[in-house]
Amino acid sequence: ASVEGSWARGLPLQDIQEKSTHGKVVQENVDIDMNSVAVMQFCANENPDIDAIHRLVHPLPMTFHLPNSNGKNKNPENQQREQISTYGSLVVPSENLAPYNAQATLHTHKAMWGLLLPFTVTGRVSDIWRGYFAEPIFRDLGLSLTFLPPAILQERNEHNYLADMHAELDLYFKGGKLLEFLSTWSSPADNVPESMEMLWIELYERGYIELNDVKVVQLWLAALLEIGYEFPVLKKQQ
């Protein structure tokens, strides 16, 4: 990114200076197996999804640069996109967790169950929590989170950064412990619906969501079963 030392909304504050959270994407023309992708998160140029602290201490606009491909200049703002390009993408290893949001994000059919947003937390927290909650189950399914080059230029409405920061407090003060818990969590269940329900109950018991979120996830899973959605099979059942 054009702003040195930048980070995404949802990265725990204590990890911002960690060298393991910094680095450059190796730009290679490699094929991504779309059958193993759960979520595609596009980057956004100009005003991307960063947290309020980042906006208060770093300048904008901000852009993501890609090298030339086959000798042609790649300009995401001017390029006519007829299909999704995976050039310059980053596939997150299954043992790692990364924040993704609800902006310019695509869920594949295998990850449709992961669309539900918790609603008892603020909007600045909800989509980040949703992503983190889904990733341990992606891991058990052999599915991955993929970040793609910018396909949009975001012109953000005017915000009160201090109000945004207040709405993001759970990300700052609970995110680190949440990732510690999720990094080792594995469901004893043998299917996705039971795994998701069990996980959300544990997250409620640990204070990350409220009881109404548990009730809604139960209704959500029941609705998916009722319409005939076929949940993907956990690796341990294959």
# chains A, B, ... in the order shown; residues from 1 in each chain; ligands from 1
call {"tool": "residues_around", "arguments": {"residues": "range 86-103 of chain A", "least_positions_apart": "4", "cutoff": "6 Å", "atoms": "only C-alpha atoms", "output": "VMD selection string"}}
result
chain A and resid 10 27 29 127 to 128 131 139 145 to 148
call {"tool": "select_by_dssp", "arguments": {"residues": "range 139-218 of chain A", "states": "alpha helix (DSSP H)", "output": "number ranges by chain"}}
result
A: 139-141, 161-167, 169-184, 192-205, 211-218
call {"tool": "select_by_dssp", "arguments": {"residues": "range 77-216 of chain A", "states": "strand (DSSP E or B)", "output": "VMD selection string"}}
result
chain A and resid 90 to 91 105 to 107 144 to 153
call {"tool": "write_last_selection", "arguments": {"atoms": "C-alpha atoms", "output": "PDB file, in the first residue's frame"}}
result
ATOM      1  CA  LEU A  90      -2.959 -13.292  -1.503  1.00  0.00           C
ATOM      2  CA  VAL A  91      -4.319 -16.599  -0.231  1.00  0.00           C
ATOM      3  CA  THR A 105     -16.514  -9.044  -0.419  1.00  0.00           C
ATOM      4  CA  LEU A 106     -17.802 -12.142  -2.204  1.00  0.00           C
ATOM      5  CA  HIS A 107     -18.770 -15.404  -0.503  1.00  0.00           C
ATOM      6  CA  SER A 144      -9.342 -20.291   2.299  1.00  0.00           C
ATOM      7  CA  LEU A 145      -9.729 -16.526   2.512  1.00  0.00           C
ATOM      8  CA  THR A 146      -8.292 -14.697  -0.511  1.00  0.00           C
ATOM      9  CA  PHE A 147      -7.456 -11.007  -0.850  1.00  0.00           C
ATOM     10  CA  LEU A 148      -7.659  -9.669  -4.394  1.00  0.00           C
ATOM     11  CA  PRO A 149      -6.259  -6.505  -6.016  1.00  0.00           C
ATOM     12  CA  PRO A 150      -8.434  -3.386  -5.858  1.00  0.00           C
ATOM     13  CA  ALA A 151     -11.502  -3.509  -8.081  1.00  0.00           C
ATOM     14  CA  ILE A 152     -13.091  -0.366  -6.651  1.00  0.00           C
ATOM     15  CA  LEU A 153     -12.259   3.195  -5.697  1.00  0.00           C
TER      16      LEU A 153
END
call {"tool": "residues_around", "arguments": {"residues": "range 222-230 of chain A", "least_positions_apart": "5", "cutoff": "12 Å", "atoms": "only C-alpha atoms", "output": "PDB file with C-alpha atoms, in the first residue's frame"}}
result
ATOM      1  CA  HIS A 109     -21.510 -21.062  -2.401  1.00  0.00           C
ATOM      2  CA  LYS A 110     -19.523 -23.245  -0.003  1.00  0.00           C
ATOM      3  CA  ALA A 111     -19.305 -20.323   2.417  1.00  0.00           C
ATOM      4  CA  MET A 112     -22.900 -19.088   2.118  1.00  0.00           C
ATOM      5  CA  TRP A 113     -23.575 -20.206   5.700  1.00  0.00           C
ATOM      6  CA  GLY A 114     -20.966 -17.640   6.827  1.00  0.00           C
ATOM      7  CA  LEU A 115     -22.938 -14.603   5.609  1.00  0.00           C
ATOM      8  CA  LEU A 116     -24.755 -14.004   8.894  1.00  0.00           C
ATOM      9  CA  ASN A 191     -21.010 -31.040  10.334  1.00  0.00           C
ATOM     10  CA  VAL A 192     -21.050 -27.293   9.691  1.00  0.00           C
ATOM     11  CA  PRO A 193     -24.426 -26.392  11.290  1.00  0.00           C
ATOM     12  CA  GLU A 194     -23.522 -27.976  14.632  1.00  0.00           C
ATOM     13  CA  MET A 196     -21.308 -22.994  13.853  1.00  0.00           C
ATOM     14  CA  GLU A 197     -23.907 -23.235  16.608  1.00  0.00           C
ATOM     15  CA  LYS A 215     -30.893 -17.407  18.836  1.00  0.00           C
ATOM     16  CA  VAL A 216     -30.551 -15.796  15.412  1.00  0.00           C
ATOM     17  CA  VAL A 217     -27.788 -18.145  14.280  1.00  0.00           C
TER      18      VAL A 217
END
call {"tool": "closest_residue", "arguments": {"among": "A:Leu178, A:Ile137, A:Met165, A:Leu219", "to": "Asp190 in chain A", "atoms": "only C-alpha atoms"}}
result
A:Ile137
call {"tool": "closest_residue", "arguments": {"among": "A:Thr21, A:Ser6, A:Thr108, A:Asn45", "to": "Phe138 in chain A", "atoms": "only C-alpha atoms"}}
result
A:Thr108
call {"tool": "closest_residue", "arguments": {"among": "A:Thr120, A:Ser183, A:Asn160, A:Ser36", "to": "Glu210 in chain A", "atoms": "only C-alpha atoms"}}
result
A:Thr120
call {"tool": "atom_distance", "arguments": {"atom1": "CA of Val121 in chain A", "atom2": "CA of Ile209 in chain A"}}
result
6.7 Å
call {"tool": "residues_around", "arguments": {"residues": "Ala52 in chain A", "least_positions_apart": "4", "cutoff": "8 Å", "atoms": "only C-alpha atoms", "output": "tab-separated table (two decimals) with N, CA and C atoms, in the first residue's frame"}}
result
chain	number	residue	atom	x	y	z
A	56	LEU	N	-6.77	8.65	11.99
A	56	LEU	CA	-6.36	9.80	12.79
A	56	LEU	C	-4.86	10.07	12.71
A	161	TYR	N	-14.39	10.56	13.26
A	161	TYR	CA	-13.42	9.52	13.56
A	161	TYR	C	-13.44	9.11	15.04
A	162	LEU	N	-13.71	10.05	15.92
A	162	LEU	CA	-13.76	9.71	17.35
A	162	LEU	C	-14.97	8.83	17.64
A	164	ASP	N	-16.30	6.78	15.43
A	164	ASP	CA	-15.91	5.48	14.86
A	164	ASP	C	-15.00	4.72	15.83
A	165	MET	N	-14.05	5.43	16.42
A	165	MET	CA	-13.12	4.79	17.35
A	165	MET	C	-13.87	4.20	18.54
A	168	GLU	N	-15.49	1.04	17.70
A	168	GLU	CA	-14.54	-0.04	17.41
A	168	GLU	C	-13.85	-0.58	18.66
call {"tool": "closest_residue", "arguments": {"among": "A:Glu202, A:Asp33, A:Asp213, A:Glu18", "to": "Ser187 in chain A", "atoms": "only C-alpha atoms"}}
result
A:Glu202
call {"tool": "closest_residue", "arguments": {"among": "A:Arg206, A:Lys177, A:Lys235, A:Arg9", "to": "Asp49 in chain A", "atoms": "only C-alpha atoms"}}
result
A:Arg9
call {"tool": "residues_around", "arguments": {"residues": "Trp185 in chain A", "least_positions_apart": "6", "cutoff": "10 Å", "atoms": "only C-alpha atoms", "output": "ChimeraX atom specification"}}
result
/A:136-137,140,179,199
call {"tool": "decode", "arguments": {"residues": "range 95-108 of chain A", "atoms": "all heavy atoms", "output": "JSON list (two decimals), in the first residue's frame"}}
result
[["chain", "number", "residue", "atom", "x", "y", "z"],
["A", 95, "GLU", "N", -3.81, -21.83, 8.63],
["A", 95, "GLU", "CA", -3.46, -21.75, 10.06],
["A", 95, "GLU", "C", -3.44, -20.31, 10.56],
["A", 95, "GLU", "O", -3.25, -20.08, 11.76],
["A", 95, "GLU", "CB", -2.11, -22.42, 10.32],
["A", 95, "GLU", "CG", -0.92, -21.74, 9.70],
["A", 95, "GLU", "CD", -0.60, -22.22, 8.29],
["A", 95, "GLU", "OE1", -1.49, -22.85, 7.66],
["A", 95, "GLU", "OE2", 0.52, -21.96, 7.82],
["A", 96, "ASN", "N", -3.63, -19.35, 9.66],
["A", 96, "ASN", "CA", -3.62, -17.94, 10.05],
["A", 96, "ASN", "C", -5.03, -17.36, 10.00],
["A", 96, "ASN", "O", -5.90, -17.84, 9.27],
["A", 96, "ASN", "CB", -2.71, -17.13, 9.12],
["A", 96, "ASN", "CG", -1.25, -17.54, 9.24],
["A", 96, "ASN", "OD1", -0.69, -18.14, 8.33],
["A", 96, "ASN", "ND2", -0.64, -17.25, 10.36],
["A", 97, "LEU", "N", -5.24, -16.29, 10.78],
["A", 97, "LEU", "CA", -6.50, -15.57, 10.78],
["A", 97, "LEU", "C", -6.25, -14.15, 10.31],
["A", 97, "LEU", "O", -5.26, -13.53, 10.69],
["A", 97, "LEU", "CB", -7.11, -15.55, 12.18],
["A", 97, "LEU", "CG", -7.46, -16.91, 12.80],
["A", 97, "LEU", "CD1", -7.81, -16.76, 14.27],
["A", 97, "LEU", "CD2", -8.60, -17.58, 12.05],
["A", 98, "ALA", "N", -7.15, -13.63, 9.48],
["A", 98, "ALA", "CA", -7.02, -12.27, 8.98],
["A", 98, "ALA", "C", -8.39, -11.62, 8.94],
["A", 98, "ALA", "O", -9.39, -12.29, 8.65],
["A", 98, "ALA", "CB", -6.40, -12.27, 7.58],
["A", 99, "PRO", "N", -8.47, -10.32, 9.24],
["A", 99, "PRO", "CA", -9.77, -9.65, 9.20],
["A", 99, "PRO", "C", -10.23, -9.39, 7.77],
["A", 99, "PRO", "O", -9.45, -8.98, 6.93],
["A", 99, "PRO", "CB", -9.51, -8.33, 9.94],
["A", 99, "PRO", "CG", -8.05, -8.05, 9.71],
["A", 99, "PRO", "CD", -7.39, -9.41, 9.66],
["A", 100, "TYR", "N", -11.50, -9.67, 7.50],
["A", 100, "TYR", "CA", -12.12, -9.24, 6.25],
["A", 100, "TYR", "C", -13.46, -8.62, 6.58],
["A", 100, "TYR", "O", -14.02, -8.86, 7.64],
["A", 100, "TYR", "CB", -12.24, -10.39, 5.24],
["A", 100, "TYR", "CG", -13.17, -11.52, 5.60],
["A", 100, "TYR", "CD1", -14.52, -11.47, 5.25],
["A", 100, "TYR", "CD2", -12.71, -12.66, 6.26],
["A", 100, "TYR", "CE1", -15.38, -12.52, 5.55],
["A", 100, "TYR", "CE2", -13.55, -13.70, 6.57],
["A", 100, "TYR", "CZ", -14.89, -13.64, 6.21],
["A", 100, "TYR", "OH", -15.74, -14.68, 6.52],
["A", 101, "ASN", "N", -13.98, -7.79, 5.68],
["A", 101, "ASN", "CA", -15.14, -6.99, 6.02],
["A", 101, "ASN", "C", -16.35, -7.34, 5.17],
["A", 101, "ASN", "O", -16.38, -8.38, 4.52],
["A", 101, "ASN", "CB", -14.79, -5.49, 5.91],
["A", 101, "ASN", "CG", -14.33, -5.11, 4.51],
["A", 101, "ASN", "OD1", -14.81, -5.64, 3.51],
["A", 101, "ASN", "ND2", -13.40, -4.18, 4.43],
["A", 102, "ALA", "N", -17.33, -6.45, 5.16],
["A", 102, "ALA", "CA", -18.54, -6.65, 4.36],
["A", 102, "ALA", "C", -18.58, -5.69, 3.18],
["A", 102, "ALA", "O", -19.63, -5.46, 2.60],
["A", 102, "ALA", "CB", -19.79, -6.47, 5.24],
["A", 103, "GLN", "N", -17.43, -5.14, 2.82],
["A", 103, "GLN", "CA", -17.33, -4.19, 1.71],
["A", 103, "GLN", "C", -16.53, -4.84, 0.59],
["A", 103, "GLN", "O", -15.41, -5.27, 0.79],
["A", 103, "GLN", "CB", -16.63, -2.91, 2.17],
["A", 103, "GLN", "CG", -17.26, -2.26, 3.40],
["A", 103, "GLN", "CD", -16.39, -1.16, 3.97],
["A", 103, "GLN", "OE1", -15.52, -0.61, 3.29],
["A", 103, "GLN", "NE2", -16.62, -0.82, 5.22],
["A", 104, "ALA", "N", -17.11, -4.90, -0.60],
["A", 104, "ALA", "CA", -16.43, -5.50, -1.76],
["A", 104, "ALA", "C", -15.95, -6.91, -1.44],
["A", 104, "ALA", "O", -14.81, -7.28, -1.72],
["A", 104, "ALA", "CB", -15.26, -4.62, -2.22],
["A", 105, "THR", "N", -16.84, -7.68, -0.84],
["A", 105, "THR", "CA", -16.51, -9.04, -0.42],
["A", 105, "THR", "C", -17.49, -10.03, -1.05],
["A", 105, "THR", "O", -18.70, -9.79, -1.04],
["A", 105, "THR", "CB", -16.59, -9.17, 1.12],
["A", 105, "THR", "OG1", -15.75, -8.19, 1.71],
["A", 105, "THR", "CG2", -16.15, -10.55, 1.57],
["A", 106, "LEU", "N", -16.96, -11.11, -1.60],
["A", 106, "LEU", "CA", -17.80, -12.14, -2.20],
["A", 106, "LEU", "C", -17.65, -13.46, -1.44],
["A", 106, "LEU", "O", -16.52, -13.90, -1.18],
["A", 106, "LEU", "CB", -17.41, -12.36, -3.67],
["A", 106, "LEU", "CG", -17.60, -11.19, -4.64],
["A", 106, "LEU", "CD1", -17.07, -11.56, -6.02],
["A", 106, "LEU", "CD2", -19.06, -10.78, -4.72],
["A", 107, "HIS", "N", -18.77, -14.07, -1.09],
["A", 107, "HIS", "CA", -18.77, -15.40, -0.50],
["A", 107, "HIS", "C", -19.09, -16.41, -1.60],
["A", 107, "HIS", "O", -20.04, -16.22, -2.37],
["A", 107, "HIS", "CB", -19.83, -15.53, 0.59],
["A", 107, "HIS", "CG", -19.46, -14.88, 1.89],
["A", 107, "HIS", "ND1", -19.28, -13.53, 2.02],
["A", 107, "HIS", "CD2", -19.25, -15.41, 3.13],
["A", 107, "HIS", "CE1", -18.96, -13.24, 3.27],
["A", 107, "HIS", "NE2", -18.93, -14.36, 3.96],
["A", 108, "THR", "N", -18.34, -17.48, -1.67],
["A", 108, "THR", "CA", -18.67, -18.55, -2.60],
["A", 108, "THR", "C", -19.81, -19.39, -2.02],
["A", 108, "THR", "O", -20.17, -19.24, -0.85],
["A", 108, "THR", "CB", -17.44, -19.45, -2.87],
["A", 108, "THR", "OG1", -17.05, -20.08, -1.64],
["A", 108, "THR", "CG2", -16.28, -18.63, -3.43]]
